[in-house]
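Chemist: Provided herewith: query.csv, CSV, C-alpha atoms and all ligand atoms.
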chain,number,residue,atom,x,y,z
D,1,MET,CA,98.6,115.8,68.6
D,2,ALA,CA,102.5,115.8,68.3
D,3,LEU,CA,104.3,115.3,71.6
D,4,SER,CA,106.0,118.7,71.5
D,5,GLN,CA,102.7,120.5,70.9
D,6,HIS,CA,101.1,118.4,73.7
D,7,LEU,CA,103.9,119.2,76.1
D,8,SER,CA,103.5,122.9,75.4
D,9,LYS,CA,99.8,122.6,76.3
D,10,SER,CA,100.7,120.5,79.3
D,11,ARG,CA,103.1,123.2,80.5
D,12,GLN,CA,100.4,125.8,80.1
D,13,PHE,CA,98.2,123.7,82.2
D,14,LEU,CA,101.0,123.2,84.7
D,15,ALA,CA,101.4,127.0,84.9
D,16,ILE,CA,97.7,127.4,85.6
D,17,ALA,CA,97.8,124.6,88.1
D,18,ARG,CA,100.8,126.2,89.9
D,19,ASN,CA,99.0,129.5,90.1
D,20,TYR,CA,95.9,127.8,91.3
D,21,SER,CA,98.0,125.8,93.8
D,22,ALA,CA,99.6,129.0,95.1
D,23,ALA,CA,96.1,130.2,96.1
D,24,ALA,CA,94.7,127.1,97.6
D,25,SER,CA,97.5,124.4,97.5
D,26,LEU,CA,95.6,121.3,98.5
D,27,VAL,CA,96.6,119.6,95.3
D,28,ASN,CA,99.9,120.0,93.5
D,29,VAL,CA,100.2,119.1,89.8
D,30,GLU,CA,103.6,118.5,88.1
D,31,VAL,CA,103.7,117.5,84.5
D,32,ASN,CA,106.7,115.3,83.6
D,33,ASP,CA,108.6,117.2,80.8
D,34,LYS,CA,109.5,114.0,79.0
D,35,SER,CA,106.4,111.9,79.2
D,36,GLY,CA,103.7,114.5,79.6
D,37,VAL,CA,102.3,112.5,82.5
D,38,ALA,CA,100.9,114.6,85.4
D,39,VAL,CA,101.8,113.7,89.0
D,40,VAL,CA,98.8,114.8,91.1
D,41,THR,CA,99.9,115.1,94.7
D,42,LEU,CA,97.2,115.5,97.4
D,43,GLN,CA,98.5,117.7,100.2
D,44,ARG,CA,95.8,118.5,102.7
D,45,PRO,CA,97.5,118.0,106.1
D,46,PRO,CA,97.7,115.9,108.1
D,47,VAL,CA,96.1,112.9,106.4
D,48,ASN,CA,94.4,114.1,103.1
D,49,SER,CA,90.9,113.6,104.5
D,50,LEU,CA,88.6,114.5,101.7
D,51,ASN,CA,86.7,117.7,102.7
D,52,LEU,CA,84.7,119.9,100.3
D,53,GLU,CA,87.7,122.1,99.5
D,54,LEU,CA,90.1,119.2,98.7
D,55,LEU,CA,87.4,117.4,96.6
D,56,THR,CA,86.8,120.7,94.7
D,57,GLU,CA,90.5,121.0,93.8
D,58,ILE,CA,90.7,117.4,92.7
D,59,LYS,CA,87.7,117.9,90.5
D,60,GLN,CA,89.2,121.1,89.0
D,61,THR,CA,92.5,119.3,88.4
D,62,LEU,CA,90.8,116.4,86.6
D,63,THR,CA,88.8,118.8,84.4
D,64,GLY,CA,92.0,120.6,83.5
D,65,LEU,CA,93.8,117.4,82.7
D,66,GLU,CA,90.9,116.2,80.5
D,67,LYS,CA,90.7,119.6,78.7
D,68,ASN,CA,94.4,119.5,78.0
D,69,LYS,CA,94.3,115.9,76.7
D,70,SER,CA,96.7,114.7,79.4
D,71,ARG,CA,99.0,111.8,78.6
D,72,GLY,CA,98.2,110.3,82.0
D,73,ALA,CA,97.9,111.0,85.7
D,74,ILE,CA,99.5,109.5,88.8
D,75,ILE,CA,97.7,110.3,92.0
D,76,THR,CA,99.7,110.2,95.2
D,77,SER,CA,100.1,111.9,98.5
D,78,ALA,CA,102.6,114.4,100.0
D,79,PHE,CA,102.3,112.6,103.4
D,80,LYS,CA,102.7,109.2,104.9
D,81,THR,CA,98.9,108.6,104.6
D,82,PHE,CA,97.6,108.4,101.0
D,83,SER,CA,94.1,109.6,102.1
D,84,ALA,CA,92.1,109.0,105.3
D,85,GLY,CA,89.0,108.9,103.2
D,86,LEU,CA,86.1,111.3,103.6
D,87,ASP,CA,86.5,114.0,106.2
D,88,ILE,CA,84.3,112.7,109.0
D,89,LEU,CA,83.7,116.3,110.1
D,90,GLU,CA,81.8,116.9,106.8
D,91,MET,CA,79.3,114.3,108.0
D,92,TYR,CA,79.3,114.9,111.8
D,93,LYS,CA,76.7,117.6,112.8
D,94,PRO,CA,76.5,118.7,109.2
D,95,ASN,CA,75.4,121.9,107.6
D,96,PRO,CA,72.7,120.7,105.1
D,97,ASP,CA,73.8,123.0,102.2
D,98,ARG,CA,77.4,122.2,102.7
D,99,ALA,CA,76.7,118.4,103.0
D,100,LYS,CA,74.8,118.5,99.7
D,101,GLU,CA,77.7,120.3,97.9
D,102,PHE,CA,80.2,118.0,99.6
D,103,TRP,CA,78.5,114.8,98.4
D,104,THR,CA,77.7,116.2,94.9
D,105,THR,CA,81.4,117.1,94.5
D,106,LEU,CA,82.4,113.6,95.6
D,107,GLN,CA,80.1,112.2,92.9
D,108,ASP,CA,81.7,114.5,90.4
D,109,VAL,CA,85.2,113.5,91.3
D,110,TRP,CA,84.2,109.8,91.0
D,111,ILE,CA,82.6,110.3,87.6
D,112,SER,CA,85.6,112.3,86.3
D,113,LEU,CA,88.3,109.9,87.6
D,114,TYR,CA,86.4,106.7,86.8
D,115,SER,CA,85.8,107.8,83.2
D,116,ALA,CA,89.0,109.7,82.6
D,117,GLN,CA,90.1,109.4,79.0
D,118,PHE,CA,93.8,109.4,80.0
D,119,PRO,CA,95.5,106.5,81.8
D,120,THR,CA,95.4,106.8,85.6
D,121,VAL,CA,97.5,105.2,88.3
D,122,ALA,CA,97.1,105.4,92.1
D,123,LEU,CA,100.5,105.5,93.9
D,124,ILE,CA,99.2,104.5,97.3
D,125,ASN,CA,102.1,105.6,99.5
D,126,GLY,CA,100.4,105.0,102.8
D,127,PRO,CA,97.0,104.0,104.3
D,128,ALA,CA,94.0,104.3,102.0
D,129,PRO,CA,90.8,103.6,104.0
D,130,ALA,CA,87.3,104.2,102.7
D,131,GLY,CA,87.3,107.3,100.4
D,132,GLY,CA,91.0,106.8,100.0
D,133,CYS,CA,90.4,103.3,98.7
D,134,LEU,CA,87.6,104.7,96.5
D,135,LEU,CA,90.0,107.2,94.8
D,136,SER,CA,92.4,104.3,94.2
D,137,LEU,CA,89.7,102.1,92.7
D,138,CYS,CA,88.8,104.7,90.2
D,139,CYS,CA,92.3,104.4,88.7
D,140,GLU,CA,93.3,101.8,86.2
D,141,TYR,CA,96.4,100.6,88.1
D,142,ARG,CA,97.3,100.6,91.8
D,143,ILE,CA,100.8,100.5,93.2
D,144,MET,CA,101.2,100.4,97.0
D,145,VAL,CA,104.0,100.6,99.5
D,146,PRO,CA,104.5,97.9,102.2
D,147,LYS,CA,102.9,98.2,105.7
D,148,ALA,CA,99.9,100.2,104.5
D,149,VAL,CA,96.2,99.3,104.6
D,150,ILE,CA,93.4,99.8,102.0
D,151,GLY,CA,89.7,98.9,102.0
D,152,LEU,CA,86.1,100.1,102.3
D,153,ASN,CA,85.8,100.0,106.1
D,154,GLU,CA,82.6,102.0,106.3
D,155,THR,CA,80.7,99.4,108.4
D,156,GLN,CA,83.3,99.9,111.1
D,157,LEU,CA,82.0,103.5,111.4
D,158,GLY,CA,78.4,102.3,111.4
D,159,ILE,CA,77.7,103.5,107.9
D,160,VAL,CA,77.2,101.7,104.6
D,161,ALA,CA,79.4,102.1,101.5
D,162,PRO,CA,77.1,103.3,98.7
D,163,SER,CA,76.4,101.1,95.7
D,164,TRP,CA,78.9,102.9,93.4
D,165,PHE,CA,81.7,102.4,96.0
D,166,ALA,CA,80.8,98.7,96.1
D,167,ALA,CA,80.6,98.5,92.3
D,168,SER,CA,84.1,100.1,92.0
D,169,MET,CA,85.5,97.4,94.2
D,170,GLU,CA,83.5,94.6,92.7
D,171,ASN,CA,84.9,95.6,89.2
D,172,VAL,CA,88.4,95.0,90.6
D,173,ILE,CA,88.2,92.0,92.9
D,174,GLY,CA,84.8,90.4,92.1
D,175,LYS,CA,81.5,90.0,93.9
D,176,ARG,CA,82.5,87.4,96.5
D,177,GLN,CA,85.5,89.2,97.8
D,178,THR,CA,83.7,92.5,97.8
D,179,GLU,CA,80.8,91.1,99.8
D,180,LEU,CA,83.2,89.7,102.4
D,181,ALA,CA,85.2,93.0,102.5
D,182,LEU,CA,82.2,95.3,102.8
D,183,THR,CA,80.3,93.3,105.3
D,184,THR,CA,83.3,93.1,107.6
D,185,GLY,CA,84.7,96.6,106.8
D,186,LYS,CA,88.0,94.9,106.1
D,187,LEU,CA,91.2,96.9,105.7
D,188,PHE,CA,93.6,94.8,103.7
D,189,THR,CA,97.3,94.9,104.4
D,190,THR,CA,99.5,95.5,101.4
D,191,ASP,CA,100.2,91.7,101.1
D,192,GLU,CA,96.5,90.8,101.4
D,193,ALA,CA,95.6,93.5,98.9
D,194,LEU,CA,98.1,92.1,96.4
D,195,LYS,CA,96.8,88.6,96.9
D,196,VAL,CA,93.2,89.5,96.3
D,197,GLY,CA,94.0,91.7,93.3
D,198,LEU,CA,93.0,95.0,95.0
D,199,ILE,CA,96.4,96.4,94.1
D,200,ASP,CA,98.6,95.4,91.1
D,201,GLU,CA,102.2,96.0,92.4
D,202,VAL,CA,104.1,96.5,95.6
D,203,VAL,CA,107.1,98.9,95.7
D,204,GLN,CA,109.5,99.7,98.5
D,205,THR,CA,109.5,103.5,98.0
D,206,LYS,CA,107.4,106.3,96.5
D,207,GLU,CA,110.2,107.0,94.0
D,208,GLU,CA,110.2,103.4,92.8
D,209,GLY,CA,106.4,103.7,92.6
D,210,LEU,CA,106.7,106.8,90.4
D,211,GLU,CA,108.9,104.9,88.0
D,212,LYS,CA,106.6,101.9,87.9
D,213,ALA,CA,103.6,104.2,87.4
D,214,GLN,CA,105.4,106.0,84.5
D,215,GLY,CA,106.1,102.6,83.1
D,216,PHE,CA,102.5,101.5,83.2
D,217,ILE,CA,101.4,104.7,81.4
D,218,GLY,CA,104.3,104.4,79.0
D,219,SER,CA,103.0,100.9,78.0
D,220,PHE,CA,100.2,102.6,76.1
D,221,ALA,CA,102.7,104.5,73.9
D,222,ARG,CA,102.0,102.4,70.8
D,223,ILE,CA,98.2,102.1,71.4
D,224,SER,CA,95.8,104.6,69.7
D,225,PRO,CA,94.6,106.9,72.6
D,226,PHE,CA,91.1,106.8,70.9
D,227,ALA,CA,91.0,103.0,70.9
D,228,ARG,CA,92.4,102.8,74.4
D,229,SER,CA,89.9,105.2,75.9
D,230,LEU,CA,86.9,103.7,74.1
D,231,SER,CA,87.9,100.3,75.3
D,232,LYS,CA,88.0,101.7,78.9
D,233,GLN,CA,84.5,103.2,78.3
D,234,THR,CA,83.3,99.9,77.0
D,235,VAL,CA,84.3,98.1,80.2
D,236,ARG,CA,83.3,100.9,82.7
D,237,GLY,CA,80.3,102.5,80.9
D,238,GLY,CA,77.6,100.4,82.6
D,239,THR,CA,78.9,101.2,86.1
D,240,ILE,CA,79.1,104.9,85.2
D,241,ARG,CA,75.7,105.1,83.6
D,242,SER,CA,74.1,103.4,86.6
D,243,MET,CA,75.8,105.8,89.0
D,244,VAL,CA,74.8,108.9,87.0
D,245,LYS,CA,71.2,107.7,86.7
D,246,GLY,CA,71.0,107.1,90.5
D,247,ARG,CA,73.0,110.1,91.7
D,248,GLU,CA,70.0,112.2,92.9
D,249,ALA,CA,68.6,109.3,94.9
D,250,ASP,CA,72.1,108.6,96.2
D,251,LEU,CA,72.5,112.2,97.3
D,252,GLN,CA,69.1,112.1,99.1
D,253,LEU,CA,70.1,108.8,100.8
D,254,PHE,CA,73.4,110.3,102.0
D,255,LEU,CA,71.6,113.4,103.4
D,256,ALA,CA,69.0,111.3,105.1
D,257,THR,CA,71.6,108.8,106.5
D,258,ILE,CA,73.8,111.4,108.1
D,259,GLN,CA,70.9,113.0,109.8
D,260,GLN,CA,70.1,109.8,111.7
D,261,ASP,CA,70.8,110.0,115.5
D,262,GLN,CA,72.4,106.5,115.5
D,263,VAL,CA,74.7,107.5,112.7
D,264,GLN,CA,75.7,110.8,114.4
D,265,LYS,CA,76.4,108.9,117.6
D,266,GLY,CA,78.6,106.4,115.7
D,267,LEU,CA,80.5,109.1,114.0
D,268,GLY,CA,81.0,111.0,117.2
D,269,LEU,CA,82.4,107.9,118.9
D,270,TYR,CA,84.7,107.2,115.9
D,271,ILE,CA,86.1,110.8,116.1
D,272,GLU,CA,86.7,110.4,119.8
D,273,ALA,CA,88.5,107.1,119.3
D,274,LEU,CA,90.7,108.7,116.6
D,275,LYS,CA,91.6,111.5,119.0
D,276,LYS,CA,92.2,109.1,121.9
D,277,LYS,CA,94.5,107.0,119.7
D,278,GLN,CA,96.6,110.1,119.2
D,279,ALA,CA,96.7,111.1,122.8
D,280,ALA,CA,97.8,107.5,123.9
U,301,LIG,C1,74.3,106.3,102.2
U,301,LIG,C2,75.8,106.6,102.4
U,301,LIG,C3,76.1,107.2,103.6
U,301,LIG,C4,77.3,107.4,104.1
U,301,LIG,C5,78.5,106.9,103.4
U,301,LIG,C6,79.7,107.7,103.8
U,301,LIG,C7,81.0,107.2,103.3
U,301,LIG,C8,82.1,107.4,103.9
U,301,LIG,C9,83.4,107.0,103.4
U,301,LIG,C10,84.6,107.5,104.2
U,301,LIG,O1,85.6,107.8,103.6
U,301,LIG,S1,84.4,107.6,105.9
U,301,LIG,C11,86.0,107.9,106.5
U,301,LIG,C12,86.7,106.7,106.9
U,301,LIG,N1,88.1,106.9,107.3
U,301,LIG,C13,88.7,106.2,108.3
U,301,LIG,O2,88.1,105.4,108.9
U,301,LIG,C14,90.1,106.6,108.5
U,301,LIG,C15,90.3,107.1,109.9
U,301,LIG,N2,91.7,107.5,110.1
U,301,LIG,C16,92.6,106.6,110.4
U,301,LIG,O3,92.4,105.4,110.5
U,301,LIG,C17,94.0,107.2,110.6
U,301,LIG,O4,93.9,108.6,110.9
U,301,LIG,C18,95.0,106.9,109.5
U,301,LIG,C19,95.4,105.5,109.4
U,301,LIG,C20,94.4,107.4,108.1
U,301,LIG,C21,96.3,107.8,109.7
U,301,LIG,O5,96.8,107.5,111.0
U,301,LIG,P1,97.9,108.4,111.7
U,301,LIG,O6,98.9,108.8,110.8
U,301,LIG,O7,98.2,107.8,113.0
U,301,LIG,O8,97.0,109.8,112.0
U,301,LIG,P2,96.0,110.1,113.2
U,301,LIG,O9,95.0,108.9,113.3
U,301,LIG,O10,96.7,110.5,114.4
U,301,LIG,O11,95.1,111.3,112.5
U,301,LIG,C22,95.7,112.6,112.4
U,301,LIG,C23,94.5,113.6,112.6
U,301,LIG,O12,93.6,113.4,111.5
U,301,LIG,C24,92.3,113.2,112.0
U,301,LIG,N3,91.6,112.3,111.0
U,301,LIG,C25,92.0,111.1,110.6
U,301,LIG,N4,91.2,110.6,109.7
U,301,LIG,C26,90.2,111.5,109.6
U,301,LIG,C27,89.1,111.5,108.7
U,301,LIG,N5,88.7,110.6,107.9
U,301,LIG,N6,88.3,112.6,108.8
U,301,LIG,C28,88.6,113.7,109.7
U,301,LIG,N7,89.7,113.7,110.4
U,301,LIG,C29,90.5,112.6,110.4
U,301,LIG,C30,92.5,112.5,113.3
U,301,LIG,O13,91.4,112.7,114.1
U,301,LIG,C31,93.7,113.4,113.8
U,301,LIG,O14,93.2,114.6,114.2
U,301,LIG,P3,93.7,115.5,115.5
U,301,LIG,O15,92.8,116.7,115.5
U,301,LIG,O16,93.6,114.6,116.7
U,301,LIG,O17,95.1,115.8,115.1
Re-express the file's structure as structure tokens.
Modeler:
Amino acid sequence: MALSQHLSKSRQFLAIARNYSAAASLVNVEVNDKSGVAVVTLQRPPVNSLNLELLTEIKQTLTGLEKNKSRGAIITSAFKTFSAGLDILEMYKPNPDRAKEFWTTLQDVWISLYSAQFPTVALINGPAPAGGCLLSLCCEYRIMVPKAVIGLNETQLGIVAPSWFAASMENVIGKRQTELALTTGKLFTTDEALKVGLIDEVVQTKEEGLEKAQGFIGSFARISPFARSLSKQTVRGGTIRSMVKGREADLQLFLATIQQDQVQKGLGLYIEALKKKQAA
């Protein structure tokens, strides 16, 4: 598709996204006029914790971008936290029907983002624990600001990162580092994350990050989108097929896990600790 035609379609999508944003506004989508790249900004105050509504909007945004053959997407945050991960309140004293929809939507988001045909960049402009790290790992390139943290810290909450969370990390930093990171619930500082390969670049500001992200996506300008996307599928296909095959069992495991007394006690204590931290 010619760039002018493509941009016209992208603008149509932007108009739809803006209308949608006006109604719900947990995700803002801006398509760059020149490059056709979408900047997808998460904006659920205060820390972009991923509840059902935010995940639903992310999922709809990704579906829209795919449908409109997006040139690329940069995922970032409107706040000083990239994303605090899954909203713990979705797992604490859960409503079973909502918990089921919540986890299914998270699975859908992962599948859409991990298998996106367009290039994806996470511009991690603040802390990205657990689910925030997972969103970043789904992207092809990760750019992070200094003095932030990133990692799958689930064990620190007394829960276990599912196998597809672990696989997403393993595909980036390898088995050995993933095992160490998951068993300890490690949150990597920006410097540590760069050293281990969990992120690709460090930038001083979000603006600089946006430029670098546009540069990464622009580097595919001379590559056939078809060849690019099939190559990505070749590398990621096994992980995606395995997750899709196991998604019902994964859902049942999640629902059973969050009903355990021990898990509920752990989540309750974690929420209390977060609140105390704020009061201190
Ligand atoms: C079989 C599989 C079973 C289960 C697997 C489940 C997988 C789960 C993966 C996850 O994503 S679990 C979530 C893990 N997330 C965290 O551990 C992050 C916790 N949050 C923080 O460390 C910090 O909030 C922050 C570093 C992200 C930001 O710090 P700061 O800017 O200082 O903000 P506050 O800590 O003051 O937080 C503001 C406000 O937001 C609430 N909050 C923070 N994180 C969450 C969260 N993940 N879910 C719900 N709410 C969260 C916090 O309590 C504060 O609320 P107030 O009401 O006190 O304002």
Chemist: Can you work out which residues are within 6 Å of ligand LIG 301 (chain U), considering all atoms listed in the file, and then hand them over as a tab-separated table (two decimals) with C-alpha atoms, in the coordinates of the input?
Modeler:
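Printed below is out.tsv as written:
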chain	number	residue	atom	x	y	z
D	46	PRO	CA	97.70	115.90	108.10
D	47	VAL	CA	96.10	112.90	106.40
D	49	SER	CA	90.90	113.60	104.50
D	81	THR	CA	98.90	108.60	104.60
D	84	ALA	CA	92.10	109.00	105.30
D	85	GLY	CA	89.00	108.90	103.20
D	86	LEU	CA	86.10	111.30	103.60
D	87	ASP	CA	86.50	114.00	106.20
D	88	ILE	CA	84.30	112.70	109.00
D	89	LEU	CA	83.70	116.30	110.10
D	127	PRO	CA	97.00	104.00	104.30
D	129	PRO	CA	90.80	103.60	104.00
D	130	ALA	CA	87.30	104.20	102.70
D	131	GLY	CA	87.30	107.30	100.40
D	154	GLU	CA	82.60	102.00	106.30
D	159	ILE	CA	77.70	103.50	107.90
D	160	VAL	CA	77.20	101.70	104.60
D	161	ALA	CA	79.40	102.10	101.50
D	162	PRO	CA	77.10	103.30	98.70
D	253	LEU	CA	70.10	108.80	100.80
D	254	PHE	CA	73.40	110.30	102.00
D	257	THR	CA	71.60	108.80	106.50
D	271	ILE	CA	86.10	110.80	116.10
D	274	LEU	CA	90.70	108.70	116.60
D	275	LYS	CA	91.60	111.50	119.00
D	278	GLN	CA	96.60	110.10	119.20
Chemist: Please measure the separation of CA of Lys69 in chain D and CA of Ile217 in chain D, giving the value in Å to one decimal.
Modeler: 14.1 Å
Chemist: Select, from D:Trp110, D:Ile75, D:Pro119, D:Ser163, the residue with the minimum atom-to-atom distance to Ser219 in chain D, counting only C-alpha atoms.
Modeler: D:Pro119
Chemist: Could you tell me how far CA of Ser242 in chain D sits from CA of Phe118 in chain D, in Å to one decimal place?
Modeler: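 If I compute the distance from CA of Phe118 in chain D to CA of Ser242 in chain D, I get 21.6 Å.
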Chemist: What's around Phe188 in chain D at 8 Å? Count all atoms listed in the file, leave out sequence neighbours fewer than 6 positions away in its own chain, and write the answer as a list in words.
Modeler: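 The residues that qualify are Val149, Ile150 and Gly151 of chain D.
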Chemist: Scan for residues within 8 Å of the point (82.3, 105.6, 112.5) in the coordinates of the file, using only C-alpha atoms, and reply as a list in words.
Modeler: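 With a cut-off of 8 Å, the residues come to Glu154, Thr155, Gln156, Leu157, Gly158, Ile159, Val263, Gly266, Leu267, Gly268, Leu269, Tyr270 and Ile271 of chain D.
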Chemist: I need the residue nearest Lys59 in chain D from this list: D:Leu26, D:Glu90, D:Pro45, D:Thr105. Use only C-alpha atoms for the distance.
Modeler: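 Among the listed residues, the smallest separation from Lys59 in chain D belongs to D:Thr105.
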Chemist: My list of candidates is D:Leu187, D:Ala78, D:Val27, D:Leu65. Which is closest to Glu53 in chain D when distances are computed with only C-alpha atoms?
Modeler: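 Nearest candidate to Glu53 in chain D out of D:Leu187, D:Ala78, D:Val27, D:Leu65: D:Val27.
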Chemist: Please supply range 267-278 of chain D, rebuilt with N, CA and C atoms, as a PDB file, in the coordinates of the input.
Modeler:
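Full text of selection.pdb as output:
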ATOM      1  N   LEU D 267      79.451 108.244 114.486  1.00  0.00           N
ATOM      2  CA  LEU D 267      80.500 109.100 114.000  1.00  0.00           C
ATOM      3  C   LEU D 267      81.231 109.833 115.108  1.00  0.00           C
ATOM      4  N   GLY D 268      80.422 110.285 116.077  1.00  0.00           N
ATOM      5  CA  GLY D 268      81.000 111.000 117.200  1.00  0.00           C
ATOM      6  C   GLY D 268      81.962 110.085 117.995  1.00  0.00           C
ATOM      7  N   LEU D 269      81.546 108.843 118.193  1.00  0.00           N
ATOM      8  CA  LEU D 269      82.400 107.900 118.900  1.00  0.00           C
ATOM      9  C   LEU D 269      83.677 107.606 118.119  1.00  0.00           C
ATOM     10  N   TYR D 270      83.523 107.512 116.801  1.00  0.00           N
ATOM     11  CA  TYR D 270      84.700 107.200 115.900  1.00  0.00           C
ATOM     12  C   TYR D 270      85.708 108.355 116.018  1.00  0.00           C
ATOM     13  N   ILE D 271      85.201 109.591 115.981  1.00  0.00           N
ATOM     14  CA  ILE D 271      86.100 110.800 116.100  1.00  0.00           C
ATOM     15  C   ILE D 271      86.831 110.747 117.407  1.00  0.00           C
ATOM     16  N   GLU D 272      86.060 110.452 118.474  1.00  0.00           N
ATOM     17  CA  GLU D 272      86.700 110.400 119.800  1.00  0.00           C
ATOM     18  C   GLU D 272      87.784 109.337 119.847  1.00  0.00           C
ATOM     19  N   ALA D 273      87.492 108.161 119.249  1.00  0.00           N
ATOM     20  CA  ALA D 273      88.500 107.100 119.300  1.00  0.00           C
ATOM     21  C   ALA D 273      89.741 107.486 118.504  1.00  0.00           C
ATOM     22  N   LEU D 274      89.577 108.204 117.402  1.00  0.00           N
ATOM     23  CA  LEU D 274      90.700 108.700 116.600  1.00  0.00           C
ATOM     24  C   LEU D 274      91.588 109.625 117.487  1.00  0.00           C
ATOM     25  N   LYS D 275      90.892 110.502 118.203  1.00  0.00           N
ATOM     26  CA  LYS D 275      91.600 111.500 119.000  1.00  0.00           C
ATOM     27  C   LYS D 275      92.324 110.819 120.196  1.00  0.00           C
ATOM     28  N   LYS D 276      91.625 109.831 120.808  1.00  0.00           N
ATOM     29  CA  LYS D 276      92.200 109.100 121.900  1.00  0.00           C
ATOM     30  C   LYS D 276      93.476 108.376 121.496  1.00  0.00           C
ATOM     31  N   LYS D 277      93.394 107.793 120.287  1.00  0.00           N
ATOM     32  CA  LYS D 277      94.500 107.000 119.700  1.00  0.00           C
ATOM     33  C   LYS D 277      95.753 107.944 119.690  1.00  0.00           C
ATOM     34  N   GLN D 278      95.510 109.208 119.286  1.00  0.00           N
ATOM     35  CA  GLN D 278      96.600 110.100 119.200  1.00  0.00           C
ATOM     36  C   GLN D 278      97.203 110.517 120.510  1.00  0.00           C
TER      37      GLN D 278
END
